[in-house]
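Participant: Sharing entry_2.txt (compact mmCIF, C-alpha atoms) below.
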# COMPACT_ATOMS: atom_id res chain seq x y z
CA MET U 21 -11.72 16.05 -14.44
CA SER U 22 -10.83 16.14 -18.10
CA HIS U 23 -8.14 18.76 -18.59
CA SER U 24 -4.54 17.67 -19.08
CA VAL U 25 -1.59 18.61 -16.94
CA GLU U 26 1.86 19.55 -18.10
CA SER U 27 4.50 16.87 -17.53
CA THR U 28 7.90 17.68 -16.12
CA ALA U 29 11.10 15.68 -16.02
CA LEU U 30 10.94 12.89 -13.48
CA ASP U 31 13.82 12.07 -11.16
CA PRO U 32 14.60 8.37 -11.83
CA LYS U 33 14.65 7.57 -8.13
CA ASN U 34 12.94 10.55 -6.47
CA GLU U 35 13.98 9.45 -2.99
CA SER U 36 15.93 11.80 -0.75
CA SER U 37 15.96 13.14 2.74
CA TYR U 38 13.45 15.90 3.37
CA THR U 39 14.74 18.93 5.24
CA GLY U 40 11.56 20.95 5.28
CA ALA U 41 9.21 21.09 8.23
CA PRO U 42 5.43 21.14 8.13
CA ALA U 43 3.99 24.58 8.57
CA ALA U 44 1.84 25.08 11.64
CA GLU U 45 -1.85 25.44 10.96
CA PRO U 46 -3.04 29.04 11.20
CA SER U 47 -4.57 29.99 14.51
CA THR U 48 -7.17 32.24 12.87
CA GLY U 49 -9.40 31.79 9.87
CA PRO U 50 -11.19 28.68 8.63
CA ARG U 51 -9.54 25.31 9.04
CA ALA U 52 -9.08 23.01 6.07
CA SER U 53 -11.92 20.51 5.84
CA VAL U 54 -10.92 16.84 5.75
CA SER U 55 -12.60 13.75 4.33
CA VAL U 56 -11.25 10.30 5.16
CA VAL U 57 -12.12 7.79 2.41
CA ILE U 58 -11.98 4.09 3.31
CA PRO U 59 -12.50 1.41 0.61
CA CYS U 60 -14.01 -1.57 2.37
CA PHE U 61 -15.28 -5.10 1.76
CA ASN U 62 -16.04 -7.66 4.47
CA GLU U 63 -13.97 -5.96 7.17
CA GLN U 64 -16.16 -6.40 10.25
CA ARG U 65 -13.11 -7.58 12.24
CA PHE U 66 -11.11 -4.38 11.77
CA ILE U 67 -13.42 -1.52 10.77
CA THR U 68 -14.46 -0.56 14.31
CA ALA U 69 -10.83 -0.12 15.41
CA VAL U 70 -10.12 1.98 12.30
CA LEU U 71 -13.12 4.25 12.91
CA ARG U 72 -12.41 4.53 16.64
CA ASN U 73 -8.85 5.69 16.01
CA LEU U 74 -9.96 8.19 13.39
CA ALA U 75 -12.88 9.61 15.36
CA ASN U 76 -11.10 12.24 17.47
CA GLN U 77 -8.29 13.21 15.12
CA TYR U 78 -9.84 16.43 13.79
CA ASP U 79 -12.55 18.97 14.58
CA CYS U 80 -15.92 17.39 13.89
CA ASP U 81 -17.33 20.47 12.15
CA SER U 82 -14.62 20.18 9.45
CA TYR U 83 -14.33 16.41 9.31
CA GLU U 84 -16.08 13.39 7.86
CA ILE U 85 -15.41 9.70 7.31
CA LEU U 86 -16.71 7.90 4.22
CA VAL U 87 -16.71 4.10 4.19
CA VAL U 88 -16.99 3.04 0.56
CA ASP U 89 -18.39 -0.45 0.87
CA GLY U 90 -18.31 -3.01 -1.93
CA ARG U 91 -21.63 -4.51 -0.79
CA SER U 92 -20.09 -6.56 2.00
CA THR U 93 -21.64 -9.94 2.68
CA ASP U 94 -20.66 -9.97 6.35
CA ASN U 95 -21.76 -7.57 9.11
CA THR U 96 -19.53 -4.67 8.03
CA ARG U 97 -22.32 -2.24 7.13
CA GLN U 98 -24.18 -2.76 10.38
CA VAL U 99 -20.96 -2.30 12.33
CA VAL U 100 -20.38 1.04 10.58
CA LYS U 101 -23.99 2.13 11.20
CA ASP U 102 -23.74 1.19 14.88
CA PHE U 103 -20.54 3.21 15.19
CA ALA U 104 -22.17 6.23 13.53
CA GLN U 105 -25.16 6.03 15.87
CA GLY U 106 -22.85 5.81 18.88
CA ASN U 107 -20.89 8.87 17.71
CA PRO U 108 -23.56 11.34 16.53
CA GLU U 109 -21.16 14.30 16.70
CA LEU U 110 -19.04 12.73 13.94
CA ARG U 111 -20.20 12.56 10.33
CA VAL U 112 -19.83 8.96 9.13
CA ARG U 113 -21.30 7.96 5.77
CA ILE U 114 -21.51 4.73 3.78
CA VAL U 115 -21.02 5.06 0.02
CA ASP U 116 -22.08 2.10 -2.12
CA ASN U 117 -19.46 0.59 -4.44
CA PRO U 118 -21.09 -1.95 -6.79
CA ALA U 119 -17.81 -2.56 -8.64
CA ARG U 120 -16.03 -3.75 -5.44
CA ASP U 121 -12.75 -2.40 -6.83
CA ILE U 122 -10.44 -0.21 -4.76
CA PRO U 123 -9.78 2.48 -7.43
CA ALA U 124 -13.51 2.70 -8.15
CA ALA U 125 -14.16 2.94 -4.42
CA LEU U 126 -11.64 5.77 -4.09
CA ASN U 127 -13.13 7.74 -6.97
CA LEU U 128 -16.67 7.25 -5.69
CA GLY U 129 -15.71 8.27 -2.17
CA ILE U 130 -13.63 11.29 -3.17
CA ASP U 131 -16.30 12.48 -5.58
CA ALA U 132 -18.84 12.35 -2.74
CA ALA U 133 -16.45 13.91 -0.21
CA ALA U 134 -17.00 17.44 1.05
CA GLY U 135 -13.44 17.97 2.32
CA GLU U 136 -10.74 20.06 0.72
CA ILE U 137 -8.18 17.48 1.89
CA ILE U 138 -8.64 13.78 1.18
CA LEU U 139 -7.02 11.15 3.35
CA ARG U 140 -7.14 7.69 1.80
CA MET U 141 -7.28 5.07 4.53
CA ASP U 142 -7.73 1.31 4.50
CA ALA U 143 -10.13 -0.87 6.46
CA HIS U 144 -7.23 -3.23 7.22
CA SER U 145 -5.06 -0.55 8.84
CA VAL U 146 -5.39 1.37 12.11
CA PRO U 147 -3.84 4.88 12.07
CA SER U 148 -1.97 6.35 15.02
CA GLU U 149 -3.63 9.14 17.00
CA GLY U 150 -1.97 12.07 15.24
CA TYR U 151 -2.13 10.75 11.67
CA VAL U 152 -4.78 13.11 10.29
CA ARG U 153 -3.46 16.31 11.87
CA ARG U 154 0.10 15.58 10.78
CA CYS U 155 -1.03 15.07 7.18
CA VAL U 156 -2.98 18.34 7.26
CA GLU U 157 0.05 20.19 8.61
CA HIS U 158 2.22 19.00 5.72
CA LEU U 159 -0.38 19.77 3.06
CA SER U 160 -1.00 23.21 4.56
CA SER U 161 2.68 24.06 4.01
CA GLY U 162 2.07 24.14 0.26
CA THR U 163 5.29 22.31 -0.72
CA ILE U 164 4.08 18.69 -0.53
CA SER U 165 1.54 17.16 -2.92
CA VAL U 166 1.00 13.80 -1.21
CA VAL U 167 1.97 12.75 2.31
CA GLY U 168 1.74 9.40 4.06
CA MET U 169 3.13 7.59 7.05
CA PRO U 170 4.88 4.20 7.33
CA TRP U 171 3.30 0.89 8.23
CA HIS U 172 3.91 -0.95 11.45
CA ILE U 173 3.07 -4.44 10.25
CA LYS U 174 1.18 -6.64 12.70
CA PRO U 175 0.04 -10.27 12.52
CA GLY U 176 -3.47 -10.63 11.16
CA ALA U 177 -4.24 -13.39 13.67
CA ASP U 178 -2.82 -14.97 16.80
CA SER U 179 -1.06 -17.86 15.09
CA ALA U 180 2.49 -18.87 14.26
CA THR U 181 1.80 -18.57 10.53
CA ALA U 182 0.37 -15.07 10.87
CA ARG U 183 3.32 -13.94 12.98
CA ALA U 184 5.80 -15.36 10.48
CA ILE U 185 4.07 -13.66 7.54
CA ALA U 186 4.08 -10.31 9.36
CA LEU U 187 7.85 -10.62 9.84
CA ALA U 188 8.46 -11.63 6.21
CA VAL U 189 6.48 -8.76 4.65
CA ALA U 190 8.33 -6.22 6.79
CA HIS U 191 11.83 -7.40 5.85
CA PRO U 192 13.88 -6.08 2.90
CA PHE U 193 14.59 -9.61 1.65
CA GLY U 194 10.86 -10.19 1.43
CA ILE U 195 9.63 -6.92 -0.05
CA GLY U 196 12.67 -4.99 -1.26
CA ASP U 197 13.16 -1.33 -0.43
CA ALA U 198 9.54 -0.21 -0.08
CA GLN U 199 10.28 2.56 2.40
CA TYR U 200 6.85 2.67 4.02
CA ARG U 201 7.28 -0.95 5.17
CA LEU U 202 10.76 -0.37 6.59
CA GLN U 203 12.00 1.61 9.56
CA THR U 204 12.98 5.15 8.65
CA ALA U 205 14.18 7.80 11.08
CA ALA U 206 13.40 11.02 9.23
CA PRO U 207 10.92 12.34 6.66
CA ARG U 208 11.99 11.57 3.10
CA LEU U 209 10.75 12.02 -0.43
CA VAL U 210 9.74 8.67 -1.95
CA ASP U 211 8.16 7.07 -5.00
CA THR U 212 4.91 6.26 -3.26
CA VAL U 213 3.06 5.97 0.03
CA PRO U 214 0.27 3.46 0.64
CA PHE U 215 -2.45 5.64 2.22
CA GLY U 216 -1.73 9.15 1.08
CA ALA U 217 -3.34 12.46 1.94
CA PHE U 218 -3.73 15.04 -0.81
CA LYS U 219 -5.98 17.91 -1.86
CA LYS U 220 -9.16 17.08 -3.70
CA SER U 221 -8.17 19.63 -6.33
CA LEU U 222 -5.11 17.50 -7.15
CA TRP U 223 -7.29 14.43 -7.60
CA LYS U 224 -9.42 16.40 -10.07
CA GLU U 225 -6.37 17.64 -11.98
CA LEU U 226 -5.12 14.05 -12.36
CA ASN U 227 -8.53 12.73 -13.43
CA GLY U 228 -8.76 10.58 -10.32
CA PHE U 229 -7.46 7.08 -9.75
CA ASN U 230 -7.05 4.82 -12.76
CA GLU U 231 -9.93 2.33 -12.54
CA GLU U 232 -8.26 0.02 -15.07
CA LEU U 233 -5.66 -0.86 -12.42
CA LEU U 234 -7.21 -3.06 -9.76
CA ALA U 235 -4.00 -2.87 -7.70
CA ASN U 236 -1.04 -0.48 -7.79
CA GLU U 237 -3.54 2.33 -8.25
CA ASP U 238 -1.79 4.31 -5.51
CA TYR U 239 1.64 3.93 -7.15
CA ASP U 240 0.12 5.02 -10.47
CA PHE U 241 -1.49 8.06 -8.84
CA ASN U 242 1.72 9.06 -7.08
CA TYR U 243 3.74 8.50 -10.25
CA ARG U 244 1.50 10.96 -12.08
CA VAL U 245 1.87 13.39 -9.17
CA ARG U 246 5.66 13.21 -9.44
CA LYS U 247 5.55 13.41 -13.23
CA ARG U 248 3.91 16.82 -13.00
CA GLY U 249 6.56 18.02 -10.54
CA GLY U 250 4.85 17.20 -7.24
CA GLN U 251 6.55 15.71 -4.19
CA VAL U 252 5.50 12.58 -2.28
CA LEU U 253 6.56 12.60 1.36
CA LEU U 254 6.90 9.73 3.83
CA ASP U 255 6.89 11.03 7.41
CA PRO U 256 7.61 8.58 10.27
CA ALA U 257 6.21 10.95 12.89
CA GLU U 258 2.98 8.91 12.76
CA HIS U 259 2.13 5.47 11.40
CA CYS U 260 -0.53 2.90 10.57
CA ASP U 261 -0.79 -0.53 12.15
CA TYR U 262 -1.24 -2.73 9.09
CA TYR U 263 -2.52 -6.28 9.61
CA ALA U 264 -0.84 -8.77 7.29
CA ARG U 265 -2.43 -11.86 5.75
CA VAL U 266 -3.03 -14.79 8.06
CA ASN U 267 -2.01 -17.80 5.94
CA LEU U 268 0.22 -18.65 2.99
CA ARG U 269 -2.68 -19.05 0.57
CA GLU U 270 -3.89 -15.51 1.24
CA LEU U 271 -0.31 -14.23 1.02
CA ALA U 272 0.24 -15.90 -2.35
CA GLU U 273 -3.06 -14.52 -3.67
CA GLN U 274 -2.17 -11.03 -2.48
CA TYR U 275 1.25 -10.97 -4.13
CA SER U 276 -0.04 -12.63 -7.26
CA ARG U 277 -2.48 -9.75 -7.58
CA TYR U 278 0.27 -7.22 -6.84
CA GLY U 279 2.61 -8.71 -9.45
CA HIS U 280 -0.01 -8.82 -12.20
CA TRP U 281 -1.13 -5.23 -11.71
CA LYS U 282 2.41 -3.95 -11.29
CA ALA U 283 3.11 -5.33 -14.77
CA GLN U 284 0.02 -3.59 -16.12
CA MET U 285 1.09 -0.30 -14.54
CA ILE U 286 4.60 -0.58 -15.97
CA LYS U 287 3.16 -1.18 -19.43
CA LEU U 288 1.15 1.98 -18.91
CA HIS U 289 4.12 3.95 -17.51
CA PRO U 290 7.36 2.27 -18.69
CA ARG U 291 9.54 4.94 -17.05
CA SER U 292 8.20 3.93 -13.64
CA LEU U 293 10.16 0.65 -13.83
CA ARG U 294 12.74 0.16 -11.07
CA VAL U 295 15.41 -2.52 -10.71
CA ARG U 296 13.65 -3.85 -7.59
CA HIS U 297 10.59 -4.65 -9.70
CA LEU U 298 12.63 -7.08 -11.81
CA VAL U 299 14.41 -9.13 -9.14
CA ALA U 300 11.66 -11.67 -8.38
CA PRO U 301 10.53 -12.01 -12.04
CA ALA U 302 14.15 -12.53 -13.11
CA LEU U 303 14.61 -15.26 -10.50
CA VAL U 304 11.42 -17.04 -11.55
CA LEU U 305 12.25 -16.73 -15.25
CA TYR U 306 15.78 -18.07 -14.69
CA LEU U 307 14.55 -21.07 -12.73
CA LEU U 308 11.82 -21.86 -15.25
CA PHE U 309 14.18 -21.55 -18.21
CA PHE U 310 17.03 -23.64 -16.82
CA GLY U 311 14.64 -26.08 -15.16
CA LEU U 312 13.03 -26.85 -18.51
CA LEU U 313 16.33 -26.76 -20.37
CA SER U 314 17.77 -29.35 -18.00
CA ILE U 315 15.36 -31.91 -19.48
CA TRP U 316 17.47 -31.86 -22.66
CA TRP U 317 20.80 -30.52 -21.41
CA SER U 318 22.23 -31.93 -18.21
CA ARG U 319 24.53 -28.96 -17.53
CA ALA U 320 21.51 -26.68 -17.32
CA PHE U 321 20.45 -28.60 -14.23
CA TRP U 322 23.57 -27.46 -12.39
CA ALA U 323 22.93 -23.84 -13.37
CA PHE U 324 19.38 -24.26 -12.08
CA LEU U 325 20.56 -25.92 -8.87
CA ALA U 326 23.24 -23.29 -8.18
CA VAL U 327 20.83 -20.35 -8.26
CA LEU U 328 18.07 -22.21 -6.42
CA GLY U 329 20.54 -23.28 -3.75
CA PHE U 330 21.83 -19.72 -3.34
CA TYR U 331 18.27 -18.44 -2.99
CA ILE U 332 17.42 -21.09 -0.39
CA LEU U 333 20.54 -20.21 1.60
CA CYS U 334 19.70 -16.49 1.56
CA SER U 335 16.10 -17.20 2.52
CA ALA U 336 17.19 -19.49 5.36
CA PHE U 337 19.74 -16.94 6.62
CA PHE U 338 17.22 -14.09 6.86
CA ALA U 339 14.46 -16.34 8.20
CA LEU U 340 16.80 -17.62 10.91
CA ALA U 341 17.82 -14.06 11.80
CA LEU U 342 14.17 -12.99 12.13
CA ALA U 343 13.25 -16.05 14.18
CA GLY U 344 16.23 -15.41 16.44
CA ARG U 345 15.42 -11.73 16.85
CA THR U 346 11.96 -12.56 18.09
CA ARG U 347 13.05 -15.68 20.01
CA GLN U 348 10.42 -17.68 18.13
CA TRP U 349 12.52 -20.40 16.52
CA LYS U 350 9.50 -22.38 15.36
CA LEU U 351 8.72 -19.54 12.94
CA PHE U 352 11.89 -20.22 10.93
CA PRO U 353 10.40 -22.62 8.32
CA ILE U 354 7.22 -20.54 7.95
CA ILE U 355 9.19 -17.34 7.36
CA SER U 356 11.21 -19.13 4.67
CA ALA U 357 7.99 -20.38 3.08
CA SER U 358 6.57 -16.85 3.24
CA PHE U 359 9.57 -15.47 1.37
CA PHE U 360 9.06 -18.12 -1.30
CA CYS U 361 5.34 -17.29 -1.57
CA ILE U 362 6.05 -13.59 -1.96
CA HIS U 363 8.78 -13.96 -4.58
CA GLY U 364 7.21 -16.84 -6.48
CA ALA U 365 3.71 -15.36 -6.65
CA TRP U 366 4.94 -11.86 -7.45
CA GLY U 367 7.49 -12.97 -10.03
CA LEU U 368 5.26 -15.43 -11.87
CA SER U 369 2.24 -13.14 -12.00
CA PHE U 370 4.42 -10.19 -13.09
CA LEU U 371 5.72 -12.23 -16.04
CA ARG U 372 2.22 -13.35 -16.90
CA GLY U 373 0.97 -9.78 -16.61
CA LEU U 374 3.50 -8.59 -19.18
CA VAL U 375 1.84 -10.71 -21.86
CA THR U 376 -1.80 -10.42 -20.75
CA SER U 377 -4.18 -7.49 -20.80
CA ARG U 378 -5.71 -5.54 -17.94
CA GLN U 379 -8.63 -7.79 -17.01
CA ARG U 380 -10.74 -8.11 -13.92
Go ahead and express the file in the form of structure tokens.
Facilitator:
Amino acid sequence: MSHSVESTALDPKNESSYTGAPAAEPSTGPRASVSVVIPCFNEQRFITAVLRNLANQYDCDSYEILVVDGRSTDNTRQVVKDFAQGNPELRVRIVDNPARDIPAALNLGIDAAAGEIILRMDAHSVPSEGYVRRCVEHLSSGTISVVGMPWHIKPGADSATARAIALAVAHPFGIGDAQYRLQTAAPRLVDTVPFGAFKKSLWKELNGFNEELLANEDYDFNYRVRKRGGQVLLDPAEHCDYYARVNLRELAEQYSRYGHWKAQMIKLHPRSLRVRHLVAPALVLYLLFFGLLSIWWSRAFWAFLAVLGFYILCSAFFALALAGRTRQWKLFPIISASFFCIHGAWGLSFLRGLVTSRQR
């Protein structure tokens, strides 16, 4: 995986409607072999549902599932082994990942995979019944480099906080215009998809996933795909049920990690920067600057208060709309707090990431 690839001009947005249709798989001749690669660490709650939904999605003689486990300390490995024993017709393997990093897990799993087509899945997401076949159909057409399906975001637990977080991370005010988190009616070309399917040969051409990026590795991979002229497709024909974080601490940690590694990726690929990436950091920077300046200059306090007040009003408006839509009015303050966690954690860690190095 050492040869270089020729770069082509990159569309600044690269998002448009997709008018093509996936080619039907040939009725004769060998079928494309598929390997599903699942990075995993301490996912005993969800891994069985993921494996169960994947089990019957493709012909067993051309299909395998690799769980790349970061040496889980819970019962994850035994759960996977029990599933494999209960489904002997399906090839399920555990690949050891001492680094416990997602990009390392992906590279280890794909390197060990026998399939021509790789489908990157997540142990925290449950794919719909036709996910694998739909991905294979698109990749068999020869026009798409990476294909993925949108998320249907679900609460990670049966609690008011978990339900509020699931609503916040699926709303444009919370997460911007990430298309795979939002409702879309038709296939479209996008910047990135979360759990993409692609050919193993493409992974080799791109020298795999960047193991220096402990998050945003999928965006980096898809950026390099698009840079060489490939297309990334989001198709709403199928989906994944993605289970959001269950409390505000976990949510803040998640978006702090996202913000830091987004900054590292942008330093690596400056042309990948989008306006949406700067909104939360700009808000945090503005509030920090005028908040500190107000100690010495009283007028700065009013500039600080005006923007903070406008943000609180917007947050309250969208939180109230979400609570009303679901008829769960008690979620209103938690949704507002979730918005603040997302924007504050993302924005602050992004700013910090701009001036710090890529560190574990």
Participant: Hey, which of U:Val70, U:Ala119, U:Leu233, U:Ile138 ends up closest to Glu84 of chain U? Count all atoms listed in the file.
Facilitator: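 Closest residue, counting all atoms listed in the file: U:Ile138.
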Participant: Quick one: residues within 9 Å of Asn242 of chain U, all atoms listed in the file counted, chain neighbours fewer than 6 positions away excluded, as a list in words?
Facilitator: Val166, Asp211, Thr212, Val213, Gly216, Gly250, Gln251 and Val252 of chain U
Participant: Quick one: residues within 9 Å of Ile67 of chain U, only C-alpha atoms, excluding same-chain residues fewer than 5 positions away - as a PDB file with C-alpha atoms, in the frame of the given file?
Facilitator:
ATOM      1  CA  CYS U  60     -14.010  -1.570   2.370  1.00  0.00           C
ATOM      2  CA  ARG U  72     -12.410   4.530  16.640  1.00  0.00           C
ATOM      3  CA  THR U  96     -19.530  -4.670   8.030  1.00  0.00           C
ATOM      4  CA  VAL U  99     -20.960  -2.300  12.330  1.00  0.00           C
ATOM      5  CA  VAL U 100     -20.380   1.040  10.580  1.00  0.00           C
ATOM      6  CA  ASP U 142      -7.730   1.310   4.500  1.00  0.00           C
ATOM      7  CA  ALA U 143     -10.130  -0.870   6.460  1.00  0.00           C
ATOM      8  CA  HIS U 144      -7.230  -3.230   7.220  1.00  0.00           C
ATOM      9  CA  SER U 145      -5.060  -0.550   8.840  1.00  0.00           C
ATOM     10  CA  VAL U 146      -5.390   1.370  12.110  1.00  0.00           C
TER      11      VAL U 146
END
Participant: Could you check the closest approach to Pro192 of chain U for each of U:Asn236, U:Glu258, U:Leu222, U:Phe359 and tell me which residue wins, using only C-alpha atoms?
Facilitator: U:Phe359
Participant: Name the residues in contact with Gly176 of chain U at a cut-off of 8 Å, using only C-alpha atoms, excluding same-chain residues fewer than 6 positions from it; report them as a ChimeraX atom specification.
Facilitator: /U:182-183,186,263-266
Participant: Would you mind listing what lies within 12 Å of Ala341 of chain U as a ChimeraX atom specification, with all atoms listed in the file counted and same-chain residues fewer than 4 positions away left out?
Facilitator: /U:187-188,191,193,334-337,345-349,351-353,355-356
Participant: Keeping C-alpha atoms for every residue in the selection just given, could you write it to a file as a PDB file, in the coordinates of the input?
Facilitator:
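File produced: again.pdb:
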ATOM      1  CA  LEU U 187       7.850 -10.620   9.840  1.00  0.00           C
ATOM      2  CA  ALA U 188       8.460 -11.630   6.210  1.00  0.00           C
ATOM      3  CA  HIS U 191      11.830  -7.400   5.850  1.00  0.00           C
ATOM      4  CA  PHE U 193      14.590  -9.610   1.650  1.00  0.00           C
ATOM      5  CA  CYS U 334      19.700 -16.490   1.560  1.00  0.00           C
ATOM      6  CA  SER U 335      16.100 -17.200   2.520  1.00  0.00           C
ATOM      7  CA  ALA U 336      17.190 -19.490   5.360  1.00  0.00           C
ATOM      8  CA  PHE U 337      19.740 -16.940   6.620  1.00  0.00           C
ATOM      9  CA  ARG U 345      15.420 -11.730  16.850  1.00  0.00           C
ATOM     10  CA  THR U 346      11.960 -12.560  18.090  1.00  0.00           C
ATOM     11  CA  ARG U 347      13.050 -15.680  20.010  1.00  0.00           C
ATOM     12  CA  GLN U 348      10.420 -17.680  18.130  1.00  0.00           C
ATOM     13  CA  TRP U 349      12.520 -20.400  16.520  1.00  0.00           C
ATOM     14  CA  LEU U 351       8.720 -19.540  12.940  1.00  0.00           C
ATOM     15  CA  PHE U 352      11.890 -20.220  10.930  1.00  0.00           C
ATOM     16  CA  PRO U 353      10.400 -22.620   8.320  1.00  0.00           C
ATOM     17  CA  ILE U 355       9.190 -17.340   7.360  1.00  0.00           C
ATOM     18  CA  SER U 356      11.210 -19.130   4.670  1.00  0.00           C
TER      19      SER U 356
END
Participant: Can you tell me, as a ChimeraX atom specification, what residues are no more than 10 Å from segment 127-134 of chain U when counting only C-alpha atoms, ignoring any on the same chain fewer than 2 positions away?
Facilitator: /U:53-59,82-89,113-117,122-125,136-140,220,223-224,227-231
Participant: For Ser358 of chain U, which residue among U:Ile185, U:Val210, U:Met141, U:Leu303 is the nearest when counting all atoms listed in the file?
Facilitator: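 Among the listed residues, U:Ile185 lies closest to Ser358 of chain U.
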Participant: Using atom CA of Lys174 of chain U and atom CA of Leu293 of chain U as the two end points, give the distance in Å to one decimal.
Facilitator: 28.9 Å
Participant: So what do you get for atom CA of Ala339 of chain U versus atom CA of Gly364 of chain U, distance-wise?
Facilitator: 16.4 Å
Participant: From the coordinates I just gave you, please extract segment 305-326 of chain U so that only N, CA and C atoms remain, then output it as a PDB file, in the first residue's frame.
Facilitator:
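That gives us out37.pdb:
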ATOM      1  N   LEU U 305     -15.024  31.059  20.676  1.00  0.00           N
ATOM      2  CA  LEU U 305     -13.949  32.051  20.677  1.00  0.00           C
ATOM      3  C   LEU U 305     -14.496  33.447  20.967  1.00  0.00           C
ATOM      4  N   TYR U 306     -15.634  33.784  20.368  1.00  0.00           N
ATOM      5  CA  TYR U 306     -16.259  35.094  20.599  1.00  0.00           C
ATOM      6  C   TYR U 306     -16.611  35.267  22.079  1.00  0.00           C
ATOM      7  N   LEU U 307     -17.256  34.252  22.652  1.00  0.00           N
ATOM      8  CA  LEU U 307     -17.677  34.360  24.045  1.00  0.00           C
ATOM      9  C   LEU U 307     -16.487  34.427  24.992  1.00  0.00           C
ATOM     10  N   LEU U 308     -15.447  33.659  24.704  1.00  0.00           N
ATOM     11  CA  LEU U 308     -14.247  33.706  25.542  1.00  0.00           C
ATOM     12  C   LEU U 308     -13.579  35.079  25.450  1.00  0.00           C
ATOM     13  N   PHE U 309     -13.462  35.578  24.230  1.00  0.00           N
ATOM     14  CA  PHE U 309     -12.762  36.860  24.030  1.00  0.00           C
ATOM     15  C   PHE U 309     -13.499  38.002  24.720  1.00  0.00           C
ATOM     16  N   PHE U 310     -14.801  38.135  24.422  1.00  0.00           N
ATOM     17  CA  PHE U 310     -15.537  39.262  24.996  1.00  0.00           C
ATOM     18  C   PHE U 310     -15.834  39.045  26.479  1.00  0.00           C
ATOM     19  N   GLY U 311     -15.918  37.783  26.908  1.00  0.00           N
ATOM     20  CA  GLY U 311     -16.088  37.532  28.329  1.00  0.00           C
ATOM     21  C   GLY U 311     -14.880  37.987  29.129  1.00  0.00           C
ATOM     22  N   LEU U 312     -13.682  37.705  28.620  1.00  0.00           N
ATOM     23  CA  LEU U 312     -12.464  38.158  29.296  1.00  0.00           C
ATOM     24  C   LEU U 312     -12.273  39.661  29.156  1.00  0.00           C
ATOM     25  N   LEU U 313     -12.582  40.176  27.956  1.00  0.00           N
ATOM     26  CA  LEU U 313     -12.407  41.610  27.730  1.00  0.00           C
ATOM     27  C   LEU U 313     -13.319  42.450  28.623  1.00  0.00           C
ATOM     28  N   SER U 314     -14.469  41.882  28.980  1.00  0.00           N
ATOM     29  CA  SER U 314     -15.419  42.630  29.807  1.00  0.00           C
ATOM     30  C   SER U 314     -14.888  42.898  31.211  1.00  0.00           C
ATOM     31  N   ILE U 315     -13.842  42.178  31.613  1.00  0.00           N
ATOM     32  CA  ILE U 315     -13.227  42.431  32.923  1.00  0.00           C
ATOM     33  C   ILE U 315     -12.624  43.835  32.952  1.00  0.00           C
ATOM     34  N   TRP U 316     -12.098  44.265  31.776  1.00  0.00           N
ATOM     35  CA  TRP U 316     -11.452  45.583  31.716  1.00  0.00           C
ATOM     36  C   TRP U 316     -12.302  46.634  30.986  1.00  0.00           C
ATOM     37  N   TRP U 317     -13.227  46.160  30.146  1.00  0.00           N
ATOM     38  CA  TRP U 317     -14.010  47.098  29.336  1.00  0.00           C
ATOM     39  C   TRP U 317     -15.479  46.729  29.461  1.00  0.00           C
ATOM     40  N   SER U 318     -16.241  47.598  30.103  1.00  0.00           N
ATOM     41  CA  SER U 318     -17.621  47.251  30.428  1.00  0.00           C
ATOM     42  C   SER U 318     -18.487  47.037  29.186  1.00  0.00           C
ATOM     43  N   ARG U 319     -18.205  47.745  28.089  1.00  0.00           N
ATOM     44  CA  ARG U 319     -19.019  47.588  26.891  1.00  0.00           C
ATOM     45  C   ARG U 319     -18.877  46.187  26.274  1.00  0.00           C
ATOM     46  N   ALA U 320     -17.739  45.577  26.516  1.00  0.00           N
ATOM     47  CA  ALA U 320     -17.538  44.221  25.989  1.00  0.00           C
ATOM     48  C   ALA U 320     -18.528  43.244  26.614  1.00  0.00           C
ATOM     49  N   PHE U 321     -18.949  43.533  27.838  1.00  0.00           N
ATOM     50  CA  PHE U 321     -19.915  42.657  28.491  1.00  0.00           C
ATOM     51  C   PHE U 321     -21.229  42.612  27.727  1.00  0.00           C
ATOM     52  N   TRP U 322     -21.654  43.768  27.181  1.00  0.00           N
ATOM     53  CA  TRP U 322     -22.909  43.799  26.443  1.00  0.00           C
ATOM     54  C   TRP U 322     -22.791  43.066  25.116  1.00  0.00           C
ATOM     55  N   ALA U 323     -21.625  43.131  24.491  1.00  0.00           N
ATOM     56  CA  ALA U 323     -21.392  42.352  23.269  1.00  0.00           C
ATOM     57  C   ALA U 323     -21.426  40.855  23.582  1.00  0.00           C
ATOM     58  N   PHE U 324     -20.831  40.511  24.711  1.00  0.00           N
ATOM     59  CA  PHE U 324     -20.861  39.107  25.162  1.00  0.00           C
ATOM     60  C   PHE U 324     -22.296  38.670  25.443  1.00  0.00           C
ATOM     61  N   LEU U 325     -23.033  39.514  26.171  1.00  0.00           N
ATOM     62  CA  LEU U 325     -24.387  39.158  26.579  1.00  0.00           C
ATOM     63  C   LEU U 325     -25.332  39.058  25.378  1.00  0.00           C
ATOM     64  N   ALA U 326     -25.132  39.917  24.381  1.00  0.00           N
ATOM     65  CA  ALA U 326     -26.015  39.917  23.213  1.00  0.00           C
ATOM     66  C   ALA U 326     -25.916  38.597  22.445  1.00  0.00           C
TER      67      ALA U 326
END
